[in-house]
Amino acid sequence: MSYKINTNCIHAGYTPKNGEPRMIPIIQSTTFKYDSSEEMGKLFDLESEGYFYTRLQNPTNDMVAAKICALEGGTAAMLLSSGQAASFYSVFNIAGCGDHVISSSTIYGGTFNLFAVTMKRMGIEFTFVSPDATDEELNAAFRPNTKAVFGETIANPALAVLDIERFAKAAHAHGVPLIVDNTFATPINCRPFEWGADIVIHSTTKYLDGHAASLGGVIVDSGNFDWDAHSDKFPGLTTPDDSYHGVVYTEKFGLGKAYITKATAQLMRDFGSMQSPFNAYLLNLGLESLHVRVPRHCANAQAVAEYLSKHEKVAWVNYCGLPGNKYYERAKKYLPNGSCGVISFGLKGGRKAAEDFMRELRLASIATHVADAKTCILHPANATHRQMNDEQLIAAGISADLVRLSVGIEDVEDIISDIEHALSLTE
Ligand SMILES: *Cc1c(COP(=O)(O)O)cnc(C)c1O
C-alpha cells in the first residue's frame, strides 16, 4: 500500500506484526548477538544485512530514517547525531582532499564555518555563490575537480529561497549531484527531489523533532544520481573498497543504496556520529505530528509577518510569504503551501530598540533555537554573531538591528499581543 504524506508521517518506517509493540521500540543496545562467528563475519564483509554494533547501525534509528526517507520520496536514508554531522557526511562521502565544492553563500552559519574553515583544512575547497547567481555565474564556478553543489531550500537566517531546479540543472550539466538542506521547509512544504535535487539533508533538531527535545540529523538519497556515468569523479562509489574486501558500492547495492551504504560503512564506522536510539524515538514522536504542526507554524508566521509589516515602529520585515518580498515569486513555485515559521525583521530604533523590545517579551523566549513549538527570538548581533562589528555584520548579511523570530504554534492572538505589548514599551 502506498499512502499520502500525512499518513506516512504517522505510519511509514514501522509496521508491527501480530503482538508486537504499537510504538517504534527503543533498541537501547550497543551490540547484537549471533550464533556463529561465520554469520558475524558476513555482516563485517557487507555480505548480509543485519546489526552488530550501534556505532554503525541501530534498528530504532533505521525505522525512523525509513520514515523520513518515505516523506522525502527517497531510496535510502540514515540518521546522524546532529545536522552538522549530516552536512559533513553528505559532502565528505563524495569529496576529499584536492576536491572542490560549490555552495550557496546564504547557508546556516554553522555549515558555513564547517565548509569554509574546517573542511578547507581537510583540503576541500569551497566556492560560495549567491543563491541569485545567473546561469553564467553558476557555470563559471565549476572546476574539473568539482564534486557537488550545496544549498538550503530556505536559508537560515537569510530566508533566501533556492532556485532548486536551476541549481540542479547546472550541477547535472557538470556531472555532479545537488545536495539540499531542507531543514526549514520540511518535506511537508517542499520535496527537493521533485525539482531535481539528488541528496537531501536535515537538521532534525528543528521542525522534524519540533519540540526542542533532541538533537539530530538525517541524510536521504533520491537514488537518481548515476554515479557510474561519472565514475571518474566518484571512484569511492564505483571502484573497489579495500576496507571491505573490494566491495564496489554501486555494483553491490545499486544506485538506490550505494551512497548511504558507503556513508554508513565508512564514515559512520570511522567517525561514529550516531544518533542515540532514544533521541530517534523522540524524533519519531515529533514526526507523527509534522503534517499538523508545519501548516500551523506557517499560518501563524504569515499573520505575525503581516502584523509587523504594518507596524509604525518596524523598519523592515523579511518573510517570503509577504507580497513584495524578494523571494515571493520563487516561494510560490517551490513552497506553494507555505514556507516556514521563521521571520526576520528590524526596528526603526535599530540595535538598542531590538534589545529593549526583546526584554519586554513575556511569551516569546530568548533562545538560540528555531523551529520548535514554542515561539522564540534571537538578536544575532548580540548572540551568535556578537564578535562581529557592525561592518562585519553587514558583510555577513546580518544587519545590527536584525531580529530573528521563530513563530511557534501557540494561539496566534497571544503571540501578536506579546509583540504588541513589547513594541509599545520600545522607543
Ligand atoms: C540548525 C541547522 C543546522 C545544524 O544542525 P544541528 O542539528 O544544530 O547540528 C544545519 N542546517 C540548518 C539549516 C540549520 O537550521
# chains A, B, ... in the order shown; residues from 1 in each chain; ligands from 1

$ residues_near_ligand --ligand "ligand 1" --cutoff "8 Å" --atoms "only C-alpha atoms and all ligand atoms" --output "ChimeraX atom specification"
/A:81-87,107-108,110-111,152,154-157,181-184,202-206,215-217,369-370

$ residues_around --residues "Tyr328 in chain A" --least-positions-apart "4" --cutoff "12 Å" --atoms "only C-alpha atoms" --output "list in words"
Ile154, Leu159, Ala160, Val161, Leu162, Asn318, Tyr319, Cys320, Gly321, Leu322, Pro323, Gly324, Lys332, Lys333, Tyr334, Leu335, Pro336, Gly338 and Ser339 of chain A

$ write_last_selection --atoms "N, CA, C and O atoms" --output "PDB file, in the first residue's frame"
ATOM      1  N   ILE A 154      15.311  26.941   2.137  1.00  0.00           N
ATOM      2  CA  ILE A 154      15.097  28.278   2.706  1.00  0.00           C
ATOM      3  C   ILE A 154      16.275  28.503   3.643  1.00  0.00           C
ATOM      4  O   ILE A 154      16.470  27.735   4.586  1.00  0.00           O
ATOM      5  N   LEU A 159      16.824  33.591   4.934  1.00  0.00           N
ATOM      6  CA  LEU A 159      15.493  33.290   4.404  1.00  0.00           C
ATOM      7  C   LEU A 159      15.400  33.452   2.885  1.00  0.00           C
ATOM      8  O   LEU A 159      14.337  33.700   2.333  1.00  0.00           O
ATOM      9  N   ALA A 160      16.560  33.276   2.211  1.00  0.00           N
ATOM     10  CA  ALA A 160      16.570  33.254   0.746  1.00  0.00           C
ATOM     11  C   ALA A 160      16.036  31.898   0.287  1.00  0.00           C
ATOM     12  O   ALA A 160      16.302  30.877   0.927  1.00  0.00           O
ATOM     13  N   VAL A 161      15.274  31.891  -0.801  1.00  0.00           N
ATOM     14  CA  VAL A 161      14.728  30.637  -1.340  1.00  0.00           C
ATOM     15  C   VAL A 161      15.604  30.198  -2.510  1.00  0.00           C
ATOM     16  O   VAL A 161      15.876  30.982  -3.422  1.00  0.00           O
ATOM     17  N   LEU A 162      16.050  28.941  -2.470  1.00  0.00           N
ATOM     18  CA  LEU A 162      16.943  28.418  -3.507  1.00  0.00           C
ATOM     19  C   LEU A 162      16.150  28.060  -4.765  1.00  0.00           C
ATOM     20  O   LEU A 162      15.082  27.461  -4.664  1.00  0.00           O
ATOM     21  N   ASN A 318      11.351  40.568   6.705  1.00  0.00           N
ATOM     22  CA  ASN A 318      11.757  39.619   5.674  1.00  0.00           C
ATOM     23  C   ASN A 318      11.027  38.295   5.888  1.00  0.00           C
ATOM     24  O   ASN A 318      11.301  37.568   6.840  1.00  0.00           O
ATOM     25  N   TYR A 319      10.057  38.015   5.015  1.00  0.00           N
ATOM     26  CA  TYR A 319       9.325  36.741   5.055  1.00  0.00           C
ATOM     27  C   TYR A 319       8.814  36.490   3.649  1.00  0.00           C
ATOM     28  O   TYR A 319       8.117  37.345   3.080  1.00  0.00           O
ATOM     29  N   CYS A 320       9.142  35.346   3.061  1.00  0.00           N
ATOM     30  CA  CYS A 320       8.844  35.153   1.638  1.00  0.00           C
ATOM     31  C   CYS A 320       7.355  34.983   1.369  1.00  0.00           C
ATOM     32  O   CYS A 320       6.934  34.980   0.208  1.00  0.00           O
ATOM     33  N   GLY A 321       6.538  34.906   2.412  1.00  0.00           N
ATOM     34  CA  GLY A 321       5.088  34.860   2.223  1.00  0.00           C
ATOM     35  C   GLY A 321       4.473  36.235   2.057  1.00  0.00           C
ATOM     36  O   GLY A 321       3.263  36.357   1.843  1.00  0.00           O
ATOM     37  N   LEU A 322       5.288  37.309   2.175  1.00  0.00           N
ATOM     38  CA  LEU A 322       4.757  38.673   2.010  1.00  0.00           C
ATOM     39  C   LEU A 322       4.920  39.111   0.557  1.00  0.00           C
ATOM     40  O   LEU A 322       6.031  39.090   0.032  1.00  0.00           O
ATOM     41  N   PRO A 323       3.823  39.551  -0.099  1.00  0.00           N
ATOM     42  CA  PRO A 323       3.951  40.077  -1.467  1.00  0.00           C
ATOM     43  C   PRO A 323       4.985  41.206  -1.456  1.00  0.00           C
ATOM     44  O   PRO A 323       5.012  42.002  -0.522  1.00  0.00           O
ATOM     45  N   GLY A 324       5.832  41.238  -2.458  1.00  0.00           N
ATOM     46  CA  GLY A 324       6.860  42.276  -2.488  1.00  0.00           C
ATOM     47  C   GLY A 324       8.180  41.771  -1.953  1.00  0.00           C
ATOM     48  O   GLY A 324       9.222  42.370  -2.212  1.00  0.00           O
ATOM     49  N   LYS A 332       6.378  30.901  -4.337  1.00  0.00           N
ATOM     50  CA  LYS A 332       5.095  30.406  -4.864  1.00  0.00           C
ATOM     51  C   LYS A 332       5.312  29.135  -5.685  1.00  0.00           C
ATOM     52  O   LYS A 332       4.471  28.243  -5.700  1.00  0.00           O
ATOM     53  N   LYS A 333       6.470  29.068  -6.366  1.00  0.00           N
ATOM     54  CA  LYS A 333       6.775  27.888  -7.177  1.00  0.00           C
ATOM     55  C   LYS A 333       7.171  26.692  -6.300  1.00  0.00           C
ATOM     56  O   LYS A 333       6.633  25.597  -6.451  1.00  0.00           O
ATOM     57  N   TYR A 334       8.132  26.915  -5.391  1.00  0.00           N
ATOM     58  CA  TYR A 334       8.676  25.787  -4.634  1.00  0.00           C
ATOM     59  C   TYR A 334       7.925  25.509  -3.329  1.00  0.00           C
ATOM     60  O   TYR A 334       8.044  24.414  -2.779  1.00  0.00           O
ATOM     61  N   LEU A 335       7.236  26.526  -2.805  1.00  0.00           N
ATOM     62  CA  LEU A 335       6.605  26.412  -1.488  1.00  0.00           C
ATOM     63  C   LEU A 335       5.156  26.901  -1.550  1.00  0.00           C
ATOM     64  O   LEU A 335       4.770  27.817  -0.825  1.00  0.00           O
ATOM     65  N   PRO A 336       4.351  26.289  -2.435  1.00  0.00           N
ATOM     66  CA  PRO A 336       3.002  26.823  -2.657  1.00  0.00           C
ATOM     67  C   PRO A 336       2.103  26.744  -1.420  1.00  0.00           C
ATOM     68  O   PRO A 336       1.157  27.505  -1.305  1.00  0.00           O
ATOM     69  N   GLY A 338       3.177  27.160   1.763  1.00  0.00           N
ATOM     70  CA  GLY A 338       3.751  27.863   2.909  1.00  0.00           C
ATOM     71  C   GLY A 338       5.240  27.598   2.961  1.00  0.00           C
ATOM     72  O   GLY A 338       5.724  26.625   2.365  1.00  0.00           O
ATOM     73  N   SER A 339       5.961  28.465   3.675  1.00  0.00           N
ATOM     74  CA  SER A 339       7.422  28.323   3.695  1.00  0.00           C
ATOM     75  C   SER A 339       7.906  27.748   5.016  1.00  0.00           C
ATOM     76  O   SER A 339       8.268  26.580   5.118  1.00  0.00           O
TER      77      SER A 339
END

$ residues_around --residues "Asn58 in chain A" --least-positions-apart "6" --cutoff "10 Å" --atoms "only C-alpha atoms" --output "list in words"
Ile26, Ile27, Gln28, Ser29, Thr30, Thr31, Phe32, Gly50, Tyr51, Phe52, Leu79, Met274, Gln275, Ser276, Pro277 and Ala280 of chain A

$ closest_residue --among "A:Asp45, A:Asp372, A:Asp241, A:Glu38" --to "Lys262 in chain A" --atoms "only C-alpha atoms"
A:Asp241

$ select_by_dssp --residues "range 61-261 of chain A" --states "helix (DSSP H, G or I)" --output "ChimeraX atom specification"
/A:61-72,83-92,109-121,135-140,164-173,186-189,192-195,228-230,235-238,242-244,249-261

$ closest_residue --among "A:Glu136, A:Asp401, A:Glu288, A:Asp418" --to "Leu378 in chain A" --atoms "only C-alpha atoms"
A:Asp401

$ decode --residues "range 242-273 of chain A" --atoms "N, CA, C and O atoms" --output "CSV table (one decimal), in the first residue's frame"
chain,number,residue,atom,x,y,z
A,242,ASP,N,38.9,-1.3,-0.4
A,242,ASP,CA,39.8,-2.3,0.2
A,242,ASP,C,39.4,-2.7,1.6
A,242,ASP,O,39.7,-3.7,2.1
A,243,SER,N,38.8,-1.7,2.3
A,243,SER,CA,38.4,-2.0,3.7
A,243,SER,C,37.2,-2.9,3.8
A,243,SER,O,36.9,-3.3,4.9
A,244,TYR,N,36.6,-3.3,2.7
A,244,TYR,CA,35.6,-4.3,2.7
A,244,TYR,C,35.8,-5.3,1.6
A,244,TYR,O,34.9,-5.7,0.8
A,245,HIS,N,37.1,-5.8,1.5
A,245,HIS,CA,37.4,-6.9,0.6
A,245,HIS,C,37.0,-6.6,-0.8
A,245,HIS,O,36.5,-7.4,-1.5
A,246,GLY,N,37.2,-5.3,-1.2
A,246,GLY,CA,37.0,-5.0,-2.6
A,246,GLY,C,35.5,-4.8,-3.0
A,246,GLY,O,35.2,-4.9,-4.2
A,247,VAL,N,34.6,-4.5,-2.1
A,247,VAL,CA,33.2,-4.2,-2.5
A,247,VAL,C,33.2,-3.0,-3.4
A,247,VAL,O,33.9,-2.0,-3.1
A,248,VAL,N,32.4,-3.0,-4.4
A,248,VAL,CA,32.1,-1.8,-5.3
A,248,VAL,C,30.7,-1.4,-4.9
A,248,VAL,O,29.7,-2.2,-5.2
A,249,TYR,N,30.5,-0.2,-4.3
A,249,TYR,CA,29.2,0.1,-3.8
A,249,TYR,C,28.1,0.2,-4.8
A,249,TYR,O,27.0,-0.4,-4.6
A,250,THR,N,28.3,0.8,-6.0
A,250,THR,CA,27.2,0.9,-6.9
A,250,THR,C,26.9,-0.5,-7.5
A,250,THR,O,25.7,-0.8,-7.8
A,251,GLU,N,27.9,-1.3,-7.6
A,251,GLU,CA,27.7,-2.7,-8.2
A,251,GLU,C,26.9,-3.5,-7.2
A,251,GLU,O,25.9,-4.2,-7.6
A,252,LYS,N,27.3,-3.5,-6.0
A,252,LYS,CA,26.7,-4.4,-5.0
A,252,LYS,C,25.3,-3.9,-4.5
A,252,LYS,O,24.4,-4.7,-4.2
A,253,PHE,N,25.2,-2.6,-4.3
A,253,PHE,CA,24.0,-2.1,-3.7
A,253,PHE,C,23.1,-1.3,-4.6
A,253,PHE,O,22.0,-0.9,-4.2
A,254,GLY,N,23.5,-1.1,-5.8
A,254,GLY,CA,22.7,-0.4,-6.8
A,254,GLY,C,22.7,1.1,-6.6
A,254,GLY,O,23.1,1.6,-5.5
A,255,LEU,N,22.2,1.9,-7.5
A,255,LEU,CA,22.2,3.4,-7.4
A,255,LEU,C,21.3,3.8,-6.2
A,255,LEU,O,21.5,4.9,-5.7
A,256,GLY,N,20.3,3.0,-5.9
A,256,GLY,CA,19.4,3.4,-4.8
A,256,GLY,C,20.0,3.4,-3.4
A,256,GLY,O,19.6,4.2,-2.6
A,257,LYS,N,21.0,2.5,-3.2
A,257,LYS,CA,21.5,2.3,-1.9
A,257,LYS,C,23.0,2.6,-1.7
A,257,LYS,O,23.6,2.6,-0.6
A,258,ALA,N,23.7,2.8,-2.8
A,258,ALA,CA,25.2,2.8,-2.8
A,258,ALA,C,25.7,4.0,-1.9
A,258,ALA,O,26.6,3.8,-1.1
A,259,TYR,N,25.1,5.2,-2.1
A,259,TYR,CA,25.6,6.4,-1.4
A,259,TYR,C,25.5,6.2,0.1
A,259,TYR,O,26.4,6.5,0.9
A,260,ILE,N,24.3,5.8,0.6
A,260,ILE,CA,24.0,5.7,2.0
A,260,ILE,C,24.8,4.5,2.6
A,260,ILE,O,25.3,4.6,3.7
A,261,THR,N,24.9,3.4,1.9
A,261,THR,CA,25.7,2.3,2.4
A,261,THR,C,27.1,2.7,2.6
A,261,THR,O,27.7,2.4,3.6
A,262,LYS,N,27.7,3.4,1.6
A,262,LYS,CA,29.1,3.9,1.8
A,262,LYS,C,29.2,4.8,3.0
A,262,LYS,O,30.2,4.7,3.8
A,263,ALA,N,28.3,5.7,3.1
A,263,ALA,CA,28.4,6.7,4.2
A,263,ALA,C,28.3,6.0,5.6
A,263,ALA,O,29.0,6.3,6.6
A,264,THR,N,27.5,4.9,5.6
A,264,THR,CA,27.4,4.1,6.9
A,264,THR,C,28.6,3.3,7.1
A,264,THR,O,29.2,3.3,8.2
A,265,ALA,N,29.0,2.5,6.0
A,265,ALA,CA,30.1,1.6,6.2
A,265,ALA,C,31.5,2.2,6.4
A,265,ALA,O,32.3,1.7,7.1
A,266,GLN,N,31.7,3.4,5.9
A,266,GLN,CA,33.0,4.1,6.0
A,266,GLN,C,32.9,5.2,7.1
A,266,GLN,O,33.7,5.2,8.0
A,267,LEU,N,32.0,6.2,6.8
A,267,LEU,CA,32.0,7.4,7.7
A,267,LEU,C,31.5,7.2,9.0
A,267,LEU,O,32.1,7.6,10.0
A,268,MET,N,30.4,6.5,9.1
A,268,MET,CA,29.8,6.2,10.5
A,268,MET,C,30.7,5.2,11.2
A,268,MET,O,31.0,5.4,12.4
A,269,ARG,N,31.3,4.3,10.5
A,269,ARG,CA,32.3,3.4,11.1
A,269,ARG,C,33.5,4.2,11.7
A,269,ARG,O,33.9,3.9,12.9
A,270,ASP,N,34.0,5.2,10.9
A,270,ASP,CA,35.2,5.8,11.3
A,270,ASP,C,35.0,7.1,12.2
A,270,ASP,O,35.8,7.4,13.0
A,271,PHE,N,33.9,7.8,12.0
A,271,PHE,CA,33.6,9.0,12.8
A,271,PHE,C,32.6,8.7,13.9
A,271,PHE,O,32.6,9.4,15.0
A,272,GLY,N,31.7,7.8,13.7
A,272,GLY,CA,30.7,7.4,14.8
A,272,GLY,C,29.8,8.5,15.3
A,272,GLY,O,29.5,8.6,16.4
A,273,SER,N,29.3,9.4,14.3
A,273,SER,CA,28.4,10.4,14.7
A,273,SER,C,27.0,9.9,14.8
A,273,SER,O,26.1,10.3,14.0
